[in-house]
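Engineer: File follows, data15.pdb with PDB, C-alpha atoms, pLDDT in the B column:
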```pdb
ATOM      1  CA  MET U   1      44.118 128.746 168.115  1.00 66.00           C
ATOM      2  CA  THR U   2      45.448 126.123 170.504  1.00 88.00           C
ATOM      3  CA  ILE U   3      44.058 125.041 173.859  1.00 94.00           C
ATOM      4  CA  SER U   4      47.527 125.094 175.428  1.00 95.00           C
ATOM      5  CA  GLY U   5      47.913 127.606 178.244  1.00 96.00           C
ATOM      6  CA  HIS U   6      44.181 128.131 178.717  1.00 98.00           C
ATOM      7  CA  ASN U   7      42.167 127.651 181.890  1.00 98.00           C
ATOM      8  CA  VAL U   8      39.331 125.267 181.083  1.00 98.00           C
ATOM      9  CA  GLY U   9      36.517 124.447 183.466  1.00 98.00           C
ATOM     10  CA  VAL U  10      34.879 121.077 182.897  1.00 98.00           C
ATOM     11  CA  GLY U  11      31.380 120.774 184.339  1.00 98.00           C
ATOM     12  CA  ILE U  12      30.447 117.119 184.812  1.00 98.00           C
ATOM     13  CA  THR U  13      26.766 116.198 185.067  1.00 98.00           C
ATOM     14  CA  GLY U  14      25.011 112.871 185.479  1.00 94.00           C
ATOM     15  CA  SER U  15      25.156 111.127 182.113  1.00 95.00           C
ATOM     16  CA  PHE U  16      27.176 108.317 183.660  1.00 94.00           C
ATOM     17  CA  CYS U  17      27.523 106.250 180.487  1.00 94.00           C
ATOM     18  CA  THR U  18      29.794 108.929 178.993  1.00 96.00           C
ATOM     19  CA  PHE U  19      32.101 109.382 181.992  1.00 97.00           C
ATOM     20  CA  SER U  20      34.909 107.189 180.659  1.00 96.00           C
ATOM     21  CA  LYS U  21      34.965 109.089 177.341  1.00 96.00           C
ATOM     22  CA  VAL U  22      34.847 112.457 179.082  1.00 97.00           C
ATOM     23  CA  THR U  23      37.649 111.367 181.415  1.00 98.00           C
ATOM     24  CA  GLN U  24      39.817 110.552 178.402  1.00 97.00           C
ATOM     25  CA  ALA U  25      39.025 113.981 176.943  1.00 97.00           C
ATOM     26  CA  ILE U  26      40.161 115.573 180.217  1.00 98.00           C
ATOM     27  CA  ARG U  27      43.415 113.607 179.941  1.00 97.00           C
ATOM     28  CA  ASP U  28      43.819 114.910 176.378  1.00 97.00           C
ATOM     29  CA  LEU U  29      43.193 118.512 177.437  1.00 97.00           C
ATOM     30  CA  THR U  30      45.798 118.343 180.193  1.00 97.00           C
ATOM     31  CA  ALA U  31      48.270 116.633 177.828  1.00 96.00           C
ATOM     32  CA  GLN U  32      47.809 119.530 175.404  1.00 96.00           C
ATOM     33  CA  GLY U  33      48.790 122.009 178.090  1.00 97.00           C
ATOM     34  CA  ALA U  34      45.412 123.210 179.352  1.00 98.00           C
ATOM     35  CA  THR U  35      44.801 123.762 183.050  1.00 98.00           C
ATOM     36  CA  VAL U  36      41.579 121.888 183.786  1.00 98.00           C
ATOM     37  CA  LEU U  37      39.322 122.700 186.741  1.00 98.00           C
ATOM     38  CA  PRO U  38      36.663 120.006 187.353  1.00 98.00           C
ATOM     39  CA  ILE U  39      33.192 121.007 188.539  1.00 98.00           C
ATOM     40  CA  PHE U  40      30.723 118.284 189.555  1.00 98.00           C
ATOM     41  CA  SER U  41      26.946 118.517 189.678  1.00 98.00           C
ATOM     42  CA  TYR U  42      25.339 117.161 192.822  1.00 98.00           C
ATOM     43  CA  ASN U  43      24.233 113.992 191.021  1.00 97.00           C
ATOM     44  CA  ALA U  44      27.616 113.399 189.381  1.00 97.00           C
ATOM     45  CA  GLN U  45      29.396 113.663 192.733  1.00 97.00           C
ATOM     46  CA  SER U  46      27.013 111.485 194.729  1.00 97.00           C
ATOM     47  CA  ILE U  47      25.395 108.748 192.617  1.00 97.00           C
ATOM     48  CA  ASP U  48      27.017 105.350 192.177  1.00 97.00           C
ATOM     49  CA  SER U  49      26.062 103.664 188.908  1.00 96.00           C
ATOM     50  CA  ARG U  50      26.955 100.567 186.909  1.00 96.00           C
ATOM     51  CA  PHE U  51      29.605 102.742 185.242  1.00 96.00           C
ATOM     52  CA  GLY U  52      31.489 103.328 188.509  1.00 96.00           C
ATOM     53  CA  THR U  53      31.142 104.845 191.936  1.00 97.00           C
ATOM     54  CA  ALA U  54      30.966 108.567 192.479  1.00 97.00           C
ATOM     55  CA  ASN U  55      34.158 108.406 194.533  1.00 97.00           C
ATOM     56  CA  TYR U  56      35.978 106.606 191.718  1.00 97.00           C
ATOM     57  CA  TRP U  57      35.189 109.377 189.220  1.00 98.00           C
ATOM     58  CA  LEU U  58      35.933 112.142 191.728  1.00 97.00           C
ATOM     59  CA  ASP U  59      39.307 110.595 192.597  1.00 98.00           C
ATOM     60  CA  THR U  60      40.237 109.775 188.985  1.00 98.00           C
ATOM     61  CA  ILE U  61      39.466 113.226 187.616  1.00 98.00           C
ATOM     62  CA  THR U  62      41.127 114.948 190.575  1.00 98.00           C
ATOM     63  CA  GLN U  63      44.268 112.891 189.944  1.00 98.00           C
ATOM     64  CA  ILE U  64      44.297 113.697 186.211  1.00 98.00           C
ATOM     65  CA  THR U  65      43.789 117.437 186.664  1.00 98.00           C
ATOM     66  CA  GLY U  66      45.744 117.922 189.873  1.00 97.00           C
ATOM     67  CA  LYS U  67      42.914 120.216 191.001  1.00 97.00           C
ATOM     68  CA  ASP U  68      40.407 119.761 193.797  1.00 97.00           C
ATOM     69  CA  PRO U  69      36.957 119.643 192.203  1.00 98.00           C
ATOM     70  CA  ILE U  70      34.330 122.289 192.792  1.00 98.00           C
ATOM     71  CA  LEU U  71      31.443 120.563 194.572  1.00 98.00           C
ATOM     72  CA  THR U  72      29.144 123.316 195.872  1.00 98.00           C
ATOM     73  CA  ILE U  73      27.371 126.406 194.600  1.00 98.00           C
ATOM     74  CA  PRO U  74      29.371 128.686 196.950  1.00 98.00           C
ATOM     75  CA  GLN U  75      32.618 127.206 195.562  1.00 98.00           C
ATOM     76  CA  ALA U  76      31.413 127.782 191.986  1.00 98.00           C
ATOM     77  CA  GLU U  77      30.103 131.310 192.480  1.00 97.00           C
ATOM     78  CA  PRO U  78      33.506 133.119 192.427  1.00 97.00           C
ATOM     79  CA  LEU U  79      34.457 131.671 189.018  1.00 97.00           C
ATOM     80  CA  GLY U  80      32.609 134.468 187.233  1.00 95.00           C
ATOM     81  CA  PRO U  81      33.479 137.510 189.383  1.00 95.00           C
ATOM     82  CA  LYS U  82      37.137 136.416 189.599  1.00 97.00           C
ATOM     83  CA  ASN U  83      37.209 135.699 185.838  1.00 97.00           C
ATOM     84  CA  MET U  84      38.984 132.401 186.467  1.00 97.00           C
ATOM     85  CA  LEU U  85      38.249 130.516 183.228  1.00 98.00           C
ATOM     86  CA  ASP U  86      38.960 131.069 179.545  1.00 98.00           C
ATOM     87  CA  LEU U  87      36.481 128.357 178.543  1.00 98.00           C
ATOM     88  CA  LEU U  88      33.826 126.288 180.243  1.00 98.00           C
ATOM     89  CA  LEU U  89      32.941 122.856 178.876  1.00 98.00           C
ATOM     90  CA  ILE U  90      29.897 121.034 180.242  1.00 98.00           C
ATOM     91  CA  ALA U  91      30.709 117.407 179.512  1.00 98.00           C
ATOM     92  CA  PRO U  92      28.526 115.494 179.678  1.00 98.00           C
ATOM     93  CA  CYS U  93      25.572 117.868 179.613  1.00 98.00           C
ATOM     94  CA  THR U  94      22.376 116.018 180.454  1.00 97.00           C
ATOM     95  CA  GLY U  95      18.976 117.031 179.149  1.00 97.00           C
ATOM     96  CA  ASN U  96      18.113 118.162 182.672  1.00 97.00           C
ATOM     97  CA  THR U  97      21.106 120.506 182.868  1.00 98.00           C
ATOM     98  CA  LEU U  98      20.467 121.677 179.309  1.00 97.00           C
ATOM     99  CA  ALA U  99      16.841 122.573 180.140  1.00 97.00           C
ATOM    100  CA  LYS U 100      17.845 124.435 183.279  1.00 98.00           C
ATOM    101  CA  LEU U 101      20.574 126.340 181.454  1.00 98.00           C
ATOM    102  CA  ALA U 102      18.124 127.371 178.728  1.00 97.00           C
ATOM    103  CA  ASN U 103      15.670 128.626 181.331  1.00 97.00           C
ATOM    104  CA  GLY U 104      18.046 130.437 183.681  1.00 96.00           C
ATOM    105  CA  ILE U 105      17.911 127.960 186.557  1.00 97.00           C
ATOM    106  CA  THR U 106      21.027 127.891 188.750  1.00 97.00           C
ATOM    107  CA  ASP U 107      20.671 125.101 191.288  1.00 98.00           C
ATOM    108  CA  THR U 108      23.871 123.050 190.881  1.00 98.00           C
ATOM    109  CA  PRO U 109      27.591 123.893 190.972  1.00 98.00           C
ATOM    110  CA  VAL U 110      27.836 123.354 187.192  1.00 98.00           C
ATOM    111  CA  LEU U 111      24.956 125.727 186.452  1.00 98.00           C
ATOM    112  CA  MET U 112      26.362 128.357 188.821  1.00 98.00           C
ATOM    113  CA  ALA U 113      29.718 128.061 187.053  1.00 98.00           C
ATOM    114  CA  ALA U 114      27.960 128.487 183.689  1.00 98.00           C
ATOM    115  CA  LYS U 115      26.029 131.551 184.847  1.00 97.00           C
ATOM    116  CA  GLY U 116      29.139 133.224 186.223  1.00 96.00           C
ATOM    117  CA  HIS U 117      31.219 132.319 183.183  1.00 97.00           C
ATOM    118  CA  LEU U 118      28.693 133.666 180.671  1.00 97.00           C
ATOM    119  CA  ARG U 119      28.555 137.021 182.443  1.00 96.00           C
ATOM    120  CA  ASN U 120      32.170 137.480 181.287  1.00 97.00           C
ATOM    121  CA  ASN U 121      31.164 136.962 177.621  1.00 97.00           C
ATOM    122  CA  LYS U 122      33.421 133.935 177.330  1.00 97.00           C
ATOM    123  CA  PRO U 123      32.695 130.665 175.505  1.00 98.00           C
ATOM    124  CA  LEU U 124      30.586 127.933 177.050  1.00 98.00           C
ATOM    125  CA  VAL U 125      30.794 124.620 175.167  1.00 98.00           C
ATOM    126  CA  ILE U 126      28.156 121.901 175.551  1.00 98.00           C
ATOM    127  CA  PHE U 127      28.890 118.187 175.128  1.00 98.00           C
ATOM    128  CA  LEU U 128      25.325 116.958 174.788  1.00 98.00           C
ATOM    129  CA  SER U 129      24.214 113.588 176.159  1.00 97.00           C
ATOM    130  CA  SER U 130      20.440 113.323 176.313  1.00 96.00           C
ATOM    131  CA  ASN U 131      17.892 110.584 175.669  1.00 95.00           C
ATOM    132  CA  ASP U 132      15.397 113.400 175.073  1.00 95.00           C
ATOM    133  CA  ALA U 133      17.350 115.619 172.653  1.00 96.00           C
ATOM    134  CA  LEU U 134      14.825 115.156 169.833  1.00 96.00           C
ATOM    135  CA  GLY U 135      11.880 115.238 172.256  1.00 96.00           C
ATOM    136  CA  CYS U 136      11.070 117.948 174.777  1.00 94.00           C
ATOM    137  CA  ASN U 137      14.698 119.115 174.879  1.00 96.00           C
ATOM    138  CA  LEU U 138      14.867 119.978 171.184  1.00 97.00           C
ATOM    139  CA  LYS U 139      13.459 123.432 171.913  1.00 97.00           C
ATOM    140  CA  ASN U 140      16.168 123.962 174.560  1.00 98.00           C
ATOM    141  CA  ILE U 141      18.909 122.979 172.118  1.00 98.00           C
ATOM    142  CA  GLY U 142      17.514 125.475 169.621  1.00 97.00           C
ATOM    143  CA  GLN U 143      17.273 128.197 172.250  1.00 97.00           C
ATOM    144  CA  LEU U 144      20.869 127.682 173.402  1.00 98.00           C
ATOM    145  CA  MET U 145      22.207 127.520 169.836  1.00 97.00           C
ATOM    146  CA  ASN U 146      20.749 130.974 169.317  1.00 96.00           C
ATOM    147  CA  MET U 147      22.510 132.455 172.366  1.00 96.00           C
ATOM    148  CA  LYS U 148      25.784 134.329 172.273  1.00 96.00           C
ATOM    149  CA  HIS U 149      28.890 132.571 173.567  1.00 98.00           C
ATOM    150  CA  ILE U 150      27.309 129.076 173.637  1.00 98.00           C
ATOM    151  CA  TYR U 151      28.710 126.380 171.351  1.00 98.00           C
ATOM    152  CA  PHE U 152      28.004 122.676 170.864  1.00 98.00           C
ATOM    153  CA  VAL U 153      30.380 119.773 170.380  1.00 98.00           C
ATOM    154  CA  PRO U 154      28.979 118.085 167.219  1.00 98.00           C
ATOM    155  CA  PHE U 155      26.388 115.469 168.083  1.00 97.00           C
ATOM    156  CA  GLY U 156      24.312 112.728 166.474  1.00 96.00           C
ATOM    157  CA  GLN U 157      21.768 110.027 167.177  1.00 96.00           C
ATOM    158  CA  ASP U 158      23.612 107.344 169.107  1.00 92.00           C
ATOM    159  CA  SER U 159      20.898 104.680 168.798  1.00 90.00           C
ATOM    160  CA  ALA U 160      18.300 105.793 166.261  1.00 90.00           C
ATOM    161  CA  GLN U 161      16.345 102.526 166.242  1.00 92.00           C
ATOM    162  CA  SER U 162      16.101 101.780 169.954  1.00 94.00           C
ATOM    163  CA  LYS U 163      16.254 105.386 171.278  1.00 94.00           C
ATOM    164  CA  PRO U 164      15.087 107.657 168.443  1.00 95.00           C
ATOM    165  CA  ASN U 165      15.124 110.842 170.567  1.00 96.00           C
ATOM    166  CA  SER U 166      18.637 110.281 171.954  1.00 96.00           C
ATOM    167  CA  MET U 167      21.633 112.335 170.813  1.00 96.00           C
ATOM    168  CA  VAL U 168      25.208 112.387 172.093  1.00 97.00           C
ATOM    169  CA  SER U 169      28.177 114.587 171.208  1.00 97.00           C
ATOM    170  CA  GLN U 170      31.265 112.911 169.820  1.00 97.00           C
ATOM    171  CA  VAL U 171      34.280 113.048 172.088  1.00 96.00           C
ATOM    172  CA  GLN U 172      36.843 113.433 169.275  1.00 96.00           C
ATOM    173  CA  TRP U 173      35.357 116.849 168.463  1.00 97.00           C
ATOM    174  CA  ILE U 174      35.837 118.326 171.947  1.00 97.00           C
ATOM    175  CA  CYS U 175      39.252 119.941 171.367  1.00 96.00           C
ATOM    176  CA  PRO U 176      38.423 121.276 167.871  1.00 97.00           C
ATOM    177  CA  THR U 177      35.166 122.736 169.241  1.00 98.00           C
ATOM    178  CA  LEU U 178      36.971 124.415 172.135  1.00 98.00           C
ATOM    179  CA  GLU U 179      39.552 125.878 169.771  1.00 97.00           C
ATOM    180  CA  ALA U 180      36.852 127.188 167.426  1.00 97.00           C
ATOM    181  CA  ALA U 181      34.912 128.628 170.384  1.00 98.00           C
ATOM    182  CA  LEU U 182      37.975 130.586 171.484  1.00 97.00           C
ATOM    183  CA  GLU U 183      37.725 132.306 168.092  1.00 97.00           C
ATOM    184  CA  GLY U 184      33.988 132.881 168.479  1.00 97.00           C
ATOM    185  CA  LYS U 185      33.034 130.206 165.939  1.00 97.00           C
ATOM    186  CA  GLN U 186      30.776 127.164 166.059  1.00 98.00           C
ATOM    187  CA  LEU U 187      32.499 124.083 164.663  1.00 98.00           C
ATOM    188  CA  GLN U 188      30.545 122.770 161.667  1.00 97.00           C
ATOM    189  CA  PRO U 189      28.700 120.614 160.960  1.00 97.00           C
ATOM    190  CA  VAL U 190      26.958 120.538 164.321  1.00 97.00           C
ATOM    191  CA  ILE U 191      24.870 117.453 163.576  1.00 95.00           C
ATOM    192  CA  VAL U 192      26.989 114.526 162.430  1.00 94.00           C
ATOM    193  CA  PRO U 193      26.479 110.803 161.852  1.00 90.00           C
ATOM    194  CA  TYR U 194      27.140 108.800 164.986  1.00 79.00           C
ATOM    195  CA  PRO U 195      29.723 106.024 164.489  1.00 76.00           C
TER     196      PRO U 195
END
```
Render the structure in this file as structure tokens.

Structural biologist:
Amino acid sequence: MTISGHNVGVGITGSFCTFSKVTQAIRDLTAQGATVLPIFSYNAQSIDSRFGTANYWLDTITQITGKDPILTIPQAEPLGPKNMLDLLLIAPCTGNTLAKLANGITDTPVLMAAKGHLRNNKPLVIFLSSNDALGCNLKNIGQLMNMKHIYFVPFGQDSAQSKPNSMVSQVQWICPTLEAALEGKQLQPVIVPYP
């Protein structure tokens, strides 16, 4: 299955170090013919970091997608009832967002989009980026892997010596994971060596 012609929501949360890679993935999705709707968490849309200002990322991603980003819970709420997306990708998905998703907490635009999207039994794909993936968040990863319609972009330890609990998905596997998710399959292997 191809991603071309599909409506793909991309929920962006505050793992700022991955923003440039995720932005390139958004470019790739649009180049392959997907319609991409960006959704920003409150932190992603408001915090300036050493990786760029919030306004820079908002403007860049808006320009790439040609779509005004969703920035509030009320803006995100209709995505589910109006059945607006074929796929939802949370990229990057922080450990904080992951934990909230696993425990049914809906307090950001990205989490509201996820809740509404899952009610339609459509695929939600997680691009993990967490310094705590092999710590307290490991149970949340396991819980979400066991849920229907949730898939993970393959991930690995990005810095096993200096950050032994940290795991990050690999950007080159985003499109293959989305395509597999459209067929109801988890791309394998899920845990891969990090380059």

Engineer: Find the distance between atom CA of U:Ile64 and atom CA of U:Thr108 and write it in Å to one decimal.

Structural biologist: 22.9 Å

Engineer: If the PyMOL selection byres ((chain U and resi 166) around 7) is run on the structure shown, which residues does it catch, given as a VMD selection string?

Structural biologist: chain U and resid 130 to 134 157 to 159 163 to 165 167 to 168

Engineer: Let me make sure I understand: among U:Ala113, U:Leu88, U:Leu118, U:Ile105, which one has the smallest atom-to-atom distance to U:Ser41 if we use all atoms listed in the file?

Structural biologist: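 Answer, going by the shortest atom-to-atom distance: U:Ala113.
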
Engineer: Which one of U:Phe152, U:Phe19, U:Trp57, U:Phe51 sits closest to U:Ile174 if you count all atoms listed in the file?

Structural biologist: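 Of U:Phe152, U:Phe19, U:Trp57, U:Phe51, the one nearest U:Ile174, counting all atoms listed in the file, is U:Phe152.
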
Engineer: Starting from the PyMOL selection byres ((chain U and resi 86) around 12), expand the selection into actual residues of this file and give them as number ranges by chain.

Structural biologist: U: 3-10, 34-37, 79-80, 82-85, 87-89, 117-118, 120-125, 149, 178-179, 181-183

Engineer: From the set U:Pro38, U:Gly95, U:Pro195, U:Pro81, which residue has the shortest atom-to-atom contact distance to U:Gly66, counting all atoms listed in the file?

Structural biologist: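 Checking each of U:Pro38, U:Gly95, U:Pro195, U:Pro81 against U:Gly66, counting all atoms listed in the file, the winner is U:Pro38.
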
Engineer: List the neighbours of U:Pro69 out to 9 Å using only C-alpha atoms; skip same-chain residues closer than 5 positions along the sequence, and give me the result as a list in words.

Structural biologist: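 After dropping sequence-adjacent residues, the list is Leu37, Pro38, Ile39, Phe40, Leu58, Ile61 and Thr62 of chain U.
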
Engineer: For the structure provided, state which residues fall under the PyMOL selection byres ((chain U and resi 110) around 9), and present them as an MDAnalysis selection string.

Structural biologist: chainID U and resid 10:13 39:42 70:73 76 90 97 106:109 111:115

Engineer: Between atom CA of U:Gln143 and atom CA of U:Ser20, measure the distance and give it in Å to one decimal.

Structural biologist: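 Separation of atom CA of U:Gln143 and atom CA of U:Ser20: 28.7 Å.
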